[in-house]
file work06.txt (compact mmCIF, C-alpha atoms)
# COMPACT_ATOMS: atom_id res chain seq x y z
CA MET A 1 118.23 96.11 127.14
CA SER A 2 117.72 92.79 125.34
CA SER A 3 119.27 92.24 121.96
CA ASN A 4 117.02 92.93 118.98
CA GLN A 5 118.31 89.75 117.36
CA LEU A 6 116.84 87.70 120.20
CA ILE A 7 113.50 89.50 120.00
CA LYS A 8 113.13 89.15 116.22
CA GLY A 9 112.44 85.44 116.36
CA THR A 10 109.64 85.82 118.87
CA LEU A 11 108.22 89.17 117.82
CA GLN A 12 105.21 87.67 116.05
CA THR A 13 104.40 85.54 119.10
CA ILE A 14 104.66 88.59 121.37
CA ILE A 15 102.31 90.59 119.14
CA LEU A 16 99.78 87.77 118.85
CA LYS A 17 99.78 87.20 122.61
CA LEU A 18 99.31 90.90 123.35
CA LEU A 19 96.42 91.10 120.94
CA LYS A 20 94.87 88.00 122.44
CA ASP A 21 94.94 89.66 125.85
CA ASN A 22 93.96 93.15 124.73
CA LYS A 23 91.44 92.61 121.93
CA GLN A 24 92.73 95.50 119.80
CA MET A 25 95.84 97.68 119.91
CA TYR A 26 97.63 100.28 117.78
CA GLY A 27 101.35 100.31 116.98
CA TYR A 28 102.62 102.71 119.61
CA GLU A 29 100.43 101.09 122.26
CA ILE A 30 102.09 97.72 121.55
CA THR A 31 105.58 99.18 121.99
CA GLN A 32 104.55 100.76 125.28
CA LYS A 33 102.88 97.59 126.53
CA VAL A 34 106.03 95.54 125.83
CA LYS A 35 108.20 98.18 127.48
CA GLY A 36 105.91 98.43 130.51
CA THR A 37 105.43 94.69 131.02
CA THR A 38 109.19 94.02 130.90
CA SER A 39 110.10 97.14 132.92
CA GLY A 40 111.97 98.50 129.91
CA GLU A 41 114.11 95.38 129.44
CA ILE A 42 112.57 94.65 126.05
CA MET A 43 111.96 97.54 123.69
CA LEU A 44 110.63 97.20 120.17
CA THR A 45 113.02 99.51 118.38
CA GLU A 46 114.49 100.13 114.93
CA GLY A 47 111.23 99.72 113.09
CA ALA A 48 110.86 95.99 113.75
CA LEU A 49 107.24 96.25 114.87
CA TYR A 50 105.44 97.57 111.81
CA PRO A 51 106.86 95.13 109.23
CA ALA A 52 105.88 92.31 111.63
CA LEU A 53 102.35 93.72 112.02
CA HIS A 54 101.96 94.14 108.26
CA LYS A 55 103.23 90.61 107.65
CA LEU A 56 100.78 89.16 110.17
CA GLU A 57 98.00 91.17 108.55
CA SER A 58 98.87 89.97 105.06
CA ASP A 59 98.99 86.38 106.35
CA GLY A 60 95.41 86.79 107.58
CA LEU A 61 96.30 86.49 111.27
CA LEU A 62 95.43 90.11 112.03
CA VAL A 63 92.69 92.38 110.86
CA THR A 64 92.81 96.16 110.99
CA HIS A 65 90.37 98.98 111.27
CA THR A 66 90.86 102.70 111.50
CA GLU A 67 89.38 105.20 113.89
CA ILE A 68 89.67 108.96 114.11
CA VAL A 69 91.19 109.69 117.50
CA ASP A 70 92.04 113.26 118.51
CA ASN A 71 91.64 114.36 114.88
CA ARG A 72 94.11 111.85 113.52
CA VAL A 73 93.66 108.49 111.87
CA ARG A 74 94.61 105.58 114.10
CA LYS A 75 95.03 102.05 112.82
CA TYR A 76 94.03 99.30 115.23
CA TYR A 77 95.10 95.68 114.94
CA ALA A 78 93.08 92.73 116.21
CA LEU A 79 93.30 88.95 115.92
CA THR A 80 91.34 87.17 113.23
CA GLU A 81 89.81 83.79 113.95
CA LYS A 82 92.85 82.23 112.26
CA GLY A 83 95.14 84.42 114.38
CA GLY A 84 93.32 83.31 117.54
CA LYS A 85 94.08 79.69 116.72
CA GLU A 86 97.65 80.46 115.71
CA VAL A 87 98.47 82.24 118.98
CA THR A 88 98.09 79.07 121.06
CA SER A 89 100.45 77.05 118.89
CA LYS A 90 102.94 79.94 118.69
CA ILE A 91 103.04 80.21 122.48
CA GLU A 92 103.52 76.45 122.87
CA GLU A 93 106.28 76.59 120.26
CA ALA A 94 108.01 79.44 122.12
CA GLN A 95 107.70 77.68 125.49
CA ASN A 96 109.12 74.52 124.02
CA PHE A 97 112.01 76.46 122.51
CA ILE A 98 112.76 78.19 125.83
CA GLU A 99 112.85 74.80 127.60
CA GLN A 100 115.28 73.43 125.00
CA LEU A 101 117.37 76.58 125.25
CA ASN A 102 117.51 76.16 129.03
CA LEU A 103 118.80 72.61 128.56
CA LEU A 104 121.39 73.66 126.01
CA LEU A 105 122.70 76.61 127.96
CA ASN A 106 122.38 74.90 131.33
CA LEU A 107 120.40 77.83 132.66
CA LYS A 108 118.54 75.57 135.07
CA PRO A 109 118.96 71.97 136.22
CA GLY A 110 117.37 69.35 133.97
CA LEU A 111 114.14 67.78 135.15
CA GLN A 112 115.48 64.23 134.91
CA MET B 1 104.98 117.38 125.54
CA ILE B 2 102.23 119.64 124.26
CA ILE B 3 102.26 119.78 120.48
CA THR B 4 101.13 122.92 118.70
CA GLN B 5 99.10 122.81 115.50
CA GLN B 6 102.04 124.21 113.55
CA GLN B 7 104.41 121.53 114.87
CA SER B 8 101.87 118.87 114.03
CA LYS B 9 101.52 120.31 110.53
CA ASN B 10 105.31 120.43 110.09
CA LEU B 11 105.62 116.80 111.13
CA ARG B 12 102.94 115.74 108.66
CA GLN B 13 104.66 117.76 105.94
CA TYR B 14 107.98 116.09 106.74
CA LEU B 15 106.43 112.61 106.62
CA SER B 16 104.72 113.48 103.31
CA GLU B 17 108.16 114.16 101.88
CA VAL B 18 109.62 110.91 103.22
CA PHE B 19 106.73 108.60 102.32
CA SER B 20 104.87 108.09 99.06
CA TYR B 21 101.70 106.55 100.43
CA ARG B 22 98.90 107.57 102.74
CA GLU B 23 98.87 104.46 104.96
CA THR B 24 102.48 104.81 106.05
CA ILE B 25 102.10 108.54 106.69
CA THR B 26 99.02 108.12 108.90
CA GLU B 27 100.42 105.17 110.86
CA ILE B 28 103.87 106.65 111.51
CA TYR B 29 102.38 110.09 112.16
CA ASP B 30 100.10 108.61 114.83
CA HIS B 31 103.04 106.72 116.35
CA ILE B 32 105.27 109.80 116.54
CA ILE B 33 102.53 112.10 117.86
CA SER B 34 101.55 109.49 120.49
CA ALA B 35 105.21 109.21 121.55
CA LEU B 36 105.58 113.00 121.69
CA GLU B 37 102.46 113.31 123.85
CA GLN B 38 104.03 110.89 126.35
CA TYR B 39 107.46 112.53 126.18
CA GLU B 40 108.46 114.33 129.37
CA GLY B 41 112.08 115.28 128.58
CA ASP B 42 113.65 118.63 127.77
CA LEU B 43 114.42 118.16 124.10
CA PRO B 44 112.88 120.69 121.70
CA PHE B 45 110.21 119.39 119.29
CA GLN B 46 112.48 118.73 116.30
CA ASP B 47 115.12 116.88 118.33
CA ALA B 48 112.44 114.85 120.08
CA VAL B 49 111.01 113.82 116.69
CA ASN B 50 114.47 112.89 115.39
CA ASN B 51 115.10 110.88 118.52
CA ILE B 52 111.84 108.94 118.12
CA ILE B 53 112.62 108.23 114.47
CA LYS B 54 116.10 107.05 115.41
CA VAL B 55 115.12 104.88 118.38
CA ASP B 56 111.74 103.53 117.25
CA PHE B 57 112.44 103.21 113.54
CA GLY B 58 116.22 103.04 113.25
CA GLY B 59 116.53 106.32 111.33
CA GLN B 60 115.06 107.88 108.18
CA ASP B 61 116.51 105.25 105.81
CA ASN B 62 114.59 102.57 107.66
CA LEU B 63 111.37 104.57 107.19
CA VAL B 64 111.70 104.26 103.42
CA ASP B 65 112.42 100.54 103.74
CA LEU B 66 109.41 100.16 106.04
CA GLU B 67 107.15 101.57 103.32
CA LYS B 68 108.54 99.21 100.69
CA ARG B 69 107.88 96.22 102.91
CA PHE B 70 104.42 97.49 103.73
CA LYS B 71 103.60 97.84 100.05
CA SER B 72 104.63 94.27 99.40
CA ALA B 73 102.61 92.96 102.36
CA ALA B 74 99.57 95.09 101.40
CA SER B 75 99.61 93.79 97.84
CA HIS B 76 99.62 90.19 99.06
CA GLU B 77 96.92 90.95 101.61
CA ILE B 78 94.50 92.67 99.21
CA ARG B 79 94.79 89.97 96.59
CA SER B 80 94.20 87.24 99.15
CA GLN B 81 91.29 89.22 100.71
CA ILE B 82 89.54 89.61 97.37
CA TRP B 83 90.22 86.01 96.40
CA SER B 84 88.91 84.81 99.77
CA ALA B 85 85.74 86.96 99.44
CA PHE B 86 85.31 85.80 95.84
CA SER B 87 85.65 82.11 96.78
CA LYS B 88 83.13 82.55 99.59
CA ASN B 89 80.66 84.52 97.41
CA ILE B 90 80.87 82.21 94.42
CA LYS B 91 79.80 79.29 96.61
CA SER B 92 76.72 81.08 97.92
CA TRP B 93 75.63 84.12 95.92
CA GLY B 94 77.34 82.94 92.71
CA VAL B 95 75.63 79.56 92.59
CA LEU B 96 72.28 81.15 93.42
CA LEU B 97 72.68 83.83 90.74
CA GLY B 98 73.89 81.31 88.15
CA LEU B 99 70.95 79.00 88.77
CA THR B 100 68.46 81.90 88.74
CA LEU B 101 69.87 83.15 85.43
CA LEU B 102 69.65 79.64 84.00
CA ILE B 103 66.02 79.22 85.05
CA ILE B 104 64.96 82.67 83.88
CA SER B 105 66.75 82.61 80.55
CA PHE B 106 66.52 78.95 79.51
CA ASN B 107 63.44 79.47 77.33
CA HIS B 108 64.95 82.61 75.78
CA ARG B 109 68.39 81.29 74.93
CA ALA B 110 68.36 82.86 71.46
CA LEU B 111 67.79 86.30 72.93
CA PHE B 112 70.35 85.60 75.61
CA MET B 113 73.02 84.58 73.10
CA ASN B 114 72.42 87.68 71.01
CA LYS B 115 75.76 89.43 70.49
CA GLN B 116 74.33 92.88 71.13
CA PHE B 117 72.80 91.66 74.39
CA ILE B 118 76.11 90.12 75.55
CA PHE B 119 77.96 93.30 74.66
CA GLY B 120 75.36 95.34 76.50
CA ILE B 121 75.81 93.26 79.64
CA LEU B 122 79.61 93.39 79.45
CA MET B 123 79.59 97.12 78.88
CA ALA B 124 77.34 97.42 81.95
CA VAL B 125 79.90 95.36 83.90
CA GLY B 126 82.70 97.65 82.68
CA PHE B 127 80.64 100.67 83.69
CA GLY B 128 79.91 99.05 87.08
CA ALA B 129 83.63 98.51 87.67
CA PHE B 130 84.28 102.11 86.65
CA LEU B 131 81.60 103.38 89.08
CA LEU B 132 82.88 101.24 91.97
CA ASN B 133 86.39 102.48 91.33
CA GLY B 134 85.13 106.08 91.42
CA LEU B 135 83.16 105.43 94.61
CA ARG B 136 86.21 103.91 96.29
CA THR B 137 88.45 106.79 95.26
CA PHE B 138 85.88 109.32 96.46
CA ARG B 139 85.34 107.57 99.79
CA SER B 140 89.04 107.12 100.51
CA GLY B 141 89.85 110.72 99.62
CA TYR B 142 86.83 112.07 101.46
CA LEU B 143 87.51 110.11 104.64
CA TYR B 144 91.21 110.75 104.88
CA GLY B 145 91.34 114.24 103.43
CA MET B 146 94.84 113.71 102.06
CA GLU B 147 96.28 114.16 98.63
CA LYS B 148 98.79 111.34 98.88
CA ASN B 149 97.96 108.12 97.07
CA SER B 150 97.07 105.05 99.02
CA ILE B 151 99.03 101.82 98.56
CA LYS B 152 95.74 99.96 98.65
CA ASP B 153 94.09 102.37 96.18
CA ARG B 154 96.78 101.62 93.66
CA ILE B 155 96.54 97.87 94.12
CA LEU B 156 92.73 97.95 94.09
CA THR B 157 92.77 99.99 90.87
CA GLU B 158 94.86 97.23 89.31
CA VAL B 159 92.39 94.66 90.60
CA THR B 160 89.40 96.47 89.02
CA ALA B 161 91.10 96.11 85.68
CA ILE B 162 90.53 92.33 85.81
CA PRO B 163 86.87 92.38 84.61
CA MET B 164 87.87 94.95 82.00
CA ARG B 165 90.38 92.45 80.63
CA LEU B 166 87.54 89.98 80.38
CA VAL B 167 85.54 92.49 78.34
CA LEU B 168 88.57 92.89 76.10
CA VAL B 169 88.73 89.13 75.56
CA ILE B 170 85.07 89.12 74.48
CA ILE B 171 85.74 91.96 72.06
CA LEU B 172 88.64 89.97 70.62
CA LEU B 173 86.38 86.93 70.27
CA ASN B 174 84.09 89.08 68.18
CA THR B 175 86.72 89.22 65.44
CA ALA B 176 86.65 86.75 62.53
CA THR B 177 89.15 84.40 64.23
CA GLY B 178 87.29 84.62 67.50
CA SER B 179 83.98 83.85 65.78
CA ASN B 180 85.53 80.75 64.20
CA ILE B 181 86.60 79.51 67.64
CA LEU B 182 83.10 80.11 69.01
CA LYS B 183 81.48 78.31 66.02
CA ASP B 184 83.17 75.08 67.11
CA LEU B 185 81.33 75.24 70.42
CA SER B 186 77.75 73.99 70.58
CA PRO B 187 75.09 76.65 71.35
CA ASN B 188 74.41 75.02 74.71
CA VAL B 189 78.07 75.22 75.74
CA GLN B 190 78.16 78.85 74.62
CA TYR B 191 74.99 79.53 76.59
CA VAL B 192 76.30 77.93 79.81
CA GLY B 193 79.64 79.67 79.28
CA THR B 194 77.86 83.02 79.07
CA ILE B 195 75.93 82.34 82.30
CA VAL B 196 79.18 81.39 84.05
CA LEU B 197 80.80 84.56 82.73
CA TYR B 198 77.99 86.83 84.01
CA THR B 199 78.00 85.08 87.37
CA THR B 200 81.78 85.26 87.76
CA VAL B 201 82.03 88.92 86.82
CA SER B 202 79.10 89.97 89.06
CA THR B 203 80.52 87.98 91.98
CA PHE B 204 83.92 89.53 91.45
CA LEU B 205 82.47 93.05 91.55
CA LEU B 206 80.48 92.23 94.69
CA SER B 207 83.64 90.87 96.38
CA TYR B 208 85.60 93.92 95.30
CA TYR B 209 82.94 96.22 96.77
CA GLN B 210 82.85 94.26 100.05
CA CYS B 211 86.64 94.49 100.39
CA PHE B 212 87.02 98.22 99.89
CA ASN B 213 83.84 99.00 101.80
CA LYS B 214 85.29 97.21 104.82
CA GLU B 215 88.66 98.87 104.28
CA TYR B 216 87.29 102.39 104.42
CA SER B 217 84.83 102.02 107.26
CA LEU B 218 85.80 104.51 109.93
CA LYS B 219 84.77 105.11 113.51
CA VAL B 220 85.34 108.43 115.21
CA THR B 221 86.58 108.29 118.79
CA ASP B 222 87.28 111.36 120.88
CA ASN B 223 89.71 110.64 123.69
call {"tool": "encode", "arguments": {"input": "work06.txt", "output": "structure tokens"}}
result
Amino acid sequence: MSSNQLIKGTLQTIILKLLKDNKQMYGYEITQKVKGTTSGEIMLTEGALYPALHKLESDGLLVTHTEIVDNRVRKYYALTEKGGKEVTSKIEEAQNFIEQLNLLLNLKPGLQ
Amino acid sequence: MIITQQQSKNLRQYLSEVFSYRETITEIYDHIISALEQYEGDLPFQDAVNNIIKVDFGGQDNLVDLEKRFKSAASHEIRSQIWSAFSKNIKSWGVLLGLTLLIISFNHRALFMNKQFIFGILMAVGFGAFLLNGLRTFRSGYLYGMEKNSIKDRILTEVTAIPMRLVLVIILLNTATGSNILKDLSPNVQYVGTIVLYTTVSTFLLSYYQCFNKEYSLKVTDN
């Protein structure tokens, strides 16, 4: 299982990307999607997800709405227009960082 | 795992004891129930719940911390939502209302600047804020059917107090000192100031209504 410290820095990017691809999702669904996509290698544990969702919501990148599903209230998150624009730059930023990290840690041969 | 009604009720009761606000209860309750529904292990209900709380949330202490952080984020969000709606409305509806009021009332400025009239309007604004607050409380309680307070209710109640503070300022201006300050202003400035005041307060109440109306809109989905 990957370290939570490593995930923390990219959690917002992961959430934004998932919501870009899935239109709207609720908290538990996001944890399961991350777990499923990474075959259980990355798990959003120890309550890291909800503070990140609430922060993104308060920053205006996400919007929420509630639905009654199976007699319980479910809160869905979706990207705002601002969030839609932010996701592209966040992904570029993450990709750039991964490339630099590769160079620093010599995980793959340099391109030059 | 199949969850019985009693187990579901016990879980909600437990979360009501841990959390102070409705939003955190409903969101964490949905998370735990969803996780339990997917759970295929042999643990009994209570142990399975404890395990989910430990793994997904880092234990009960983290749940309390989660609510504190949510409250802080919600406060920031609501204020920025209302401010954003207000800025947008003042540029469209506000300008239109202000200009309409100016055109309609320009030939009746004396009547318009009548103290009793101004008080009447401001009292109506105060009553409007009171009604909107009641409507919001009713709708939130009716839709969620819970007794716990909402983080957003509390913050929104504080927000509704803003126009009431404005009314208070006007009442203070009605005192001898306040009247002296107003005397120094020309009637035209007072008149335009009053129009701006009506426009601002009405726009604020409209923005407030839009924000909580959107917040409490619900869709029912049966899976």
call {"tool": "residues_around", "arguments": {"input": "work06.txt", "residues": "Leu53 in chain A", "least_positions_apart": "5", "cutoff": "9 Å", "atoms": "all atoms listed in the file", "output": "ChimeraX atom specification"}}
result
/A:12,15,27,48,58,62,77
call {"tool": "residues_around", "arguments": {"input": "work06.txt", "residues": "Arg165 in chain B", "least_positions_apart": "6", "cutoff": "12 Å", "atoms": "all atoms listed in the file", "output": "count of residues only"}}
result
10
call {"tool": "residues_around", "arguments": {"input": "work06.txt", "residues": "range 32-37 of chain B", "least_positions_apart": "4", "cutoff": "12 Å", "atoms": "all atoms listed in the file", "output": "VMD selection string"}}
result
(chain A and resid 26 to 32 69 to 74) or (chain B and resid 1 to 5 7 to 12 14 to 15 24 to 28 41 to 57)
call {"tool": "closest_residue", "arguments": {"input": "work06.txt", "among": "A:Glu57, A:Glu93, A:Glu86, A:Glu99", "to": "chain B", "atoms": "all atoms listed in the file"}}
result
A:Glu57
call {"tool": "atom_distance", "arguments": {"input": "work06.txt", "atom1": "CA of Asn188 in chain B", "atom2": "CA of Asn89 in chain B"}}
result
25.4 Å
